[in-house]
Amino acid sequence: MTTLILVAHPQLADSTSQQFFKASLPPEASIVWEHLDAQENFDVAQEQAQLRQADRIILQFPLYWYAAPASLKAWEDTVLTRSFVYGDHRYPLADKELGVVVTTGMPAKAFQRGGAEGLTLDASLAPLAAVAQRAHIRWLPTFAVHQFGYLTETQKLQLVVDYQRYLTQPQPDSLTNRQAWFAQRLEQMVAKLPADQQATGRLIATTFDQSRADLDQLADTLAMIKETEDD
Amino acid sequence: MTNDAWLHQQIQDLAQRQPQFTDRAFWVALDQMVAEQAQRRDQLQGEIDGRTWRPDRW
């Protein structure tokens, strides 16, 4: 799976959250990362080719006045031409996924009716969701990070992996899909452990796989019981 | 020590020994994943026990 990340941020180097995301990119995955504000002019053909090649498109930005920074709008207005998106009825972006990684300076509870912002994130992102719908792209649940600066060390550790999963894990974010993602990643992570930690890593991987199989078995048993109860 | 507690300890030990933040993050997140597996296992087992407990069929 190829993931295209388009970052809109006017001062990327000064943004601790954006630097954090960049350092968290999963090294083994097929990821194209682009900073929109760094482009003086968008190469439309190149940008459209990137979109065609991607399976998942991620728009990543801080929320400025309930919207993305200006560079994302400039990119949309230049790259997403009518004929490319839907005009010729070919829909080259159909069935791709679009996810938004948005950071906010206010806490999650502010983004609801009666909250300090009085507007949900879904409502602020409605214009982007409408573009996705027009292009027949699947809109993913939004990945929001509120008040990054206030996160604890433990929350930041968890954020690394939650972000990686948002970029590369099949949707929906179910237990089955989560387990499959971890199983695959576990193999790569065990392989890069130093020699003296390999045995522990392998033991953990084996136990993990066994738990996964046990869960499948239990779910099957339960499904069978439910089936007989229906009779 | 239960198997769950043992696994938790092994993963945490490994996490602590990773110098790189993103590597440590993986093992810490795996520990959460494993806890979720254990919780789901207990819930499924509980549901199976509950559904198979049928005094009316004794």
# chains A, B, ... in the order shown; residues from 1 in each chain; ligands from 1
>>> residues_around(residues="Ile204 (chain A)", least_positions_apart="4", cutoff="12 Å", atoms="only C-alpha atoms", output="PyMOL selection string")
(chain A and resi 182-183+186-187+189-190+197-200+208-211) or (chain B and resi 3-4+6-15+27+30-31+34)
>>> write_last_selection(atoms="N, CA and C atoms", output="mmCIF file, in the first residue's frame")
data_model
loop_
_atom_site.group_PDB
_atom_site.id
_atom_site.type_symbol
_atom_site.label_atom_id
_atom_site.label_comp_id
_atom_site.auth_asym_id
_atom_site.auth_seq_id
_atom_site.Cartn_x
_atom_site.Cartn_y
_atom_site.Cartn_z
ATOM 1 N N PHE A 182 -0.044 -5.325 13.856
ATOM 2 C CA PHE A 182 1.011 -5.568 14.850
ATOM 3 C C PHE A 182 1.804 -6.833 14.510
ATOM 4 N N ALA A 183 1.110 -7.873 14.034
ATOM 5 C CA ALA A 183 1.788 -9.127 13.711
ATOM 6 C C ALA A 183 2.848 -8.900 12.635
ATOM 7 N N LEU A 186 5.634 -6.677 14.021
ATOM 8 C CA LEU A 186 6.382 -7.405 15.045
ATOM 9 C C LEU A 186 7.553 -8.166 14.413
ATOM 10 N N GLU A 187 7.280 -8.749 13.268
ATOM 11 C CA GLU A 187 8.331 -9.489 12.561
ATOM 12 C C GLU A 187 9.514 -8.575 12.245
ATOM 13 N N MET A 189 10.235 -5.711 13.669
ATOM 14 C CA MET A 189 10.830 -5.170 14.883
ATOM 15 C C MET A 189 11.723 -6.208 15.581
ATOM 16 N N VAL A 190 11.297 -7.471 15.561
ATOM 17 C CA VAL A 190 12.122 -8.533 16.165
ATOM 18 C C VAL A 190 13.424 -8.657 15.376
ATOM 19 N N GLN A 197 18.692 -9.773 22.456
ATOM 20 C CA GLN A 197 17.260 -9.580 22.749
ATOM 21 C C GLN A 197 16.371 -10.358 21.775
ATOM 22 N N GLN A 198 17.023 -11.015 20.813
ATOM 23 C CA GLN A 198 16.270 -11.726 19.765
ATOM 24 C C GLN A 198 15.362 -12.814 20.333
ATOM 25 N N ALA A 199 15.912 -13.593 21.285
ATOM 26 C CA ALA A 199 15.148 -14.733 21.812
ATOM 27 C C ALA A 199 13.874 -14.234 22.493
ATOM 28 N N THR A 200 14.004 -13.180 23.309
ATOM 29 C CA THR A 200 12.818 -12.607 23.972
ATOM 30 C C THR A 200 11.827 -12.108 22.936
ATOM 31 N N PHE A 208 2.172 -13.793 20.964
ATOM 32 C CA PHE A 208 1.206 -12.879 20.352
ATOM 33 C C PHE A 208 0.374 -13.619 19.287
ATOM 34 N N ASP A 209 1.071 -14.360 18.428
ATOM 35 C CA ASP A 209 0.374 -15.118 17.371
ATOM 36 C C ASP A 209 -0.597 -16.129 17.965
ATOM 37 N N GLN A 210 -0.152 -16.764 19.066
ATOM 38 C CA GLN A 210 -1.000 -17.759 19.723
ATOM 39 C C GLN A 210 -2.269 -17.100 20.279
ATOM 40 N N SER A 211 -2.103 -15.936 20.905
ATOM 41 C CA SER A 211 -3.264 -15.215 21.458
ATOM 42 C C SER A 211 -4.237 -14.850 20.350
ATOM 43 N N ASN B 3 0.247 -15.864 32.840
ATOM 44 C CA ASN B 3 0.845 -15.690 31.517
ATOM 45 C C ASN B 3 0.757 -14.241 31.048
ATOM 46 N N ASP B 4 -0.388 -13.601 31.326
ATOM 47 C CA ASP B 4 -0.584 -12.210 30.909
ATOM 48 C C ASP B 4 0.441 -11.300 31.581
ATOM 49 N N TRP B 6 3.305 -12.164 32.856
ATOM 50 C CA TRP B 6 4.641 -12.509 32.368
ATOM 51 C C TRP B 6 4.917 -11.825 31.029
ATOM 52 N N LEU B 7 3.944 -11.901 30.129
ATOM 53 C CA LEU B 7 4.117 -11.308 28.803
ATOM 54 C C LEU B 7 4.267 -9.793 28.917
ATOM 55 N N HIS B 8 3.442 -9.200 29.762
ATOM 56 C CA HIS B 8 3.503 -7.757 29.995
ATOM 57 C C HIS B 8 4.911 -7.357 30.445
ATOM 58 N N GLN B 9 5.460 -8.154 31.369
ATOM 59 C CA GLN B 9 6.792 -7.833 31.897
ATOM 60 C C GLN B 9 7.889 -7.978 30.821
ATOM 61 N N GLN B 10 7.774 -9.050 30.036
ATOM 62 C CA GLN B 10 8.760 -9.266 28.967
ATOM 63 C C GLN B 10 8.753 -8.091 27.980
ATOM 64 N N ILE B 11 7.549 -7.662 27.592
ATOM 65 C CA ILE B 11 7.430 -6.581 26.607
ATOM 66 C C ILE B 11 7.941 -5.267 27.191
ATOM 67 N N GLN B 12 7.576 -5.005 28.448
ATOM 68 C CA GLN B 12 8.039 -3.770 29.088
ATOM 69 C C GLN B 12 9.567 -3.755 29.227
ATOM 70 N N ASP B 13 10.142 -4.903 29.594
ATOM 71 C CA ASP B 13 11.607 -4.996 29.723
ATOM 72 C C ASP B 13 12.275 -4.671 28.391
ATOM 73 N N LEU B 14 11.722 -5.260 27.342
ATOM 74 C CA LEU B 14 12.285 -5.043 26.006
ATOM 75 C C LEU B 14 12.138 -3.566 25.613
ATOM 76 N N ALA B 15 10.966 -2.995 25.918
ATOM 77 C CA ALA B 15 10.714 -1.583 25.596
ATOM 78 C C ALA B 15 11.766 -0.694 26.256
ATOM 79 N N TRP B 27 7.028 -1.173 21.176
ATOM 80 C CA TRP B 27 6.868 -2.207 22.213
ATOM 81 C C TRP B 27 5.851 -1.784 23.265
ATOM 82 N N LEU B 30 2.567 -2.302 21.659
ATOM 83 C CA LEU B 30 2.283 -3.747 21.589
ATOM 84 C C LEU B 30 1.746 -4.244 22.931
ATOM 85 N N ASP B 31 2.312 -3.688 24.002
ATOM 86 C CA ASP B 31 1.856 -4.064 25.340
ATOM 87 C C ASP B 31 0.362 -3.724 25.500
ATOM 88 N N VAL B 34 -1.652 -6.220 23.500
ATOM 89 C CA VAL B 34 -1.718 -7.510 24.192
ATOM 90 C C VAL B 34 -2.744 -7.453 25.335
#
>>> interface_residues(of="chain A", to="chain B", cutoff="9 Å", atoms="only C-alpha atoms", output="JSON, numbers by chain")
{"A": [23, 24, 26, 154, 156, 157, 158, 159, 160, 161, 162, 175, 178, 179, 182, 185, 186, 189, 193, 197, 200, 201, 204, 207, 208, 211, 212, 214, 215, 218, 219, 221, 222, 225, 226, 229]}
>>> residues_around(residues="Trp139 (chain A)", least_positions_apart="3", cutoff="7 Å", atoms="only C-alpha atoms", output="PyMOL selection string")
chain A and resi 97-99+129+132
>>> write_last_selection(atoms="N, CA, C and O atoms", output="PDB file, in the first residue's frame")
ATOM      1  N   GLU A  97      -8.436   6.154  -0.370  1.00  0.00           N
ATOM      2  CA  GLU A  97      -8.869   6.605   0.958  1.00  0.00           C
ATOM      3  C   GLU A  97      -8.263   7.976   1.244  1.00  0.00           C
ATOM      4  O   GLU A  97      -7.127   8.238   0.864  1.00  0.00           O
ATOM      5  N   LEU A  98      -9.023   8.808   1.909  1.00  0.00           N
ATOM      6  CA  LEU A  98      -8.520  10.115   2.302  1.00  0.00           C
ATOM      7  C   LEU A  98      -8.644  10.276   3.810  1.00  0.00           C
ATOM      8  O   LEU A  98      -9.736  10.162   4.367  1.00  0.00           O
ATOM      9  N   GLY A  99      -7.507  10.522   4.455  1.00  0.00           N
ATOM     10  CA  GLY A  99      -7.511  10.734   5.895  1.00  0.00           C
ATOM     11  C   GLY A  99      -6.941  12.104   6.217  1.00  0.00           C
ATOM     12  O   GLY A  99      -6.085  12.611   5.491  1.00  0.00           O
ATOM     13  N   ALA A 129     -14.334  16.940   3.028  1.00  0.00           N
ATOM     14  CA  ALA A 129     -15.111  15.704   2.896  1.00  0.00           C
ATOM     15  C   ALA A 129     -15.969  15.749   1.634  1.00  0.00           C
ATOM     16  O   ALA A 129     -16.172  14.730   0.972  1.00  0.00           O
ATOM     17  N   ALA A 132     -13.861  14.918  -1.294  1.00  0.00           N
ATOM     18  CA  ALA A 132     -13.660  13.464  -1.327  1.00  0.00           C
ATOM     19  C   ALA A 132     -14.875  12.774  -1.934  1.00  0.00           C
ATOM     20  O   ALA A 132     -14.743  11.878  -2.777  1.00  0.00           O
TER      21      ALA A 132
END
>>> select_by_dssp(residues="region 77-210 of chain A", states="alpha helix (DSSP H)", output="PyMOL selection string")
chain A and resi 77-79+82+121-124+126-134+153-168+175-191+195-210
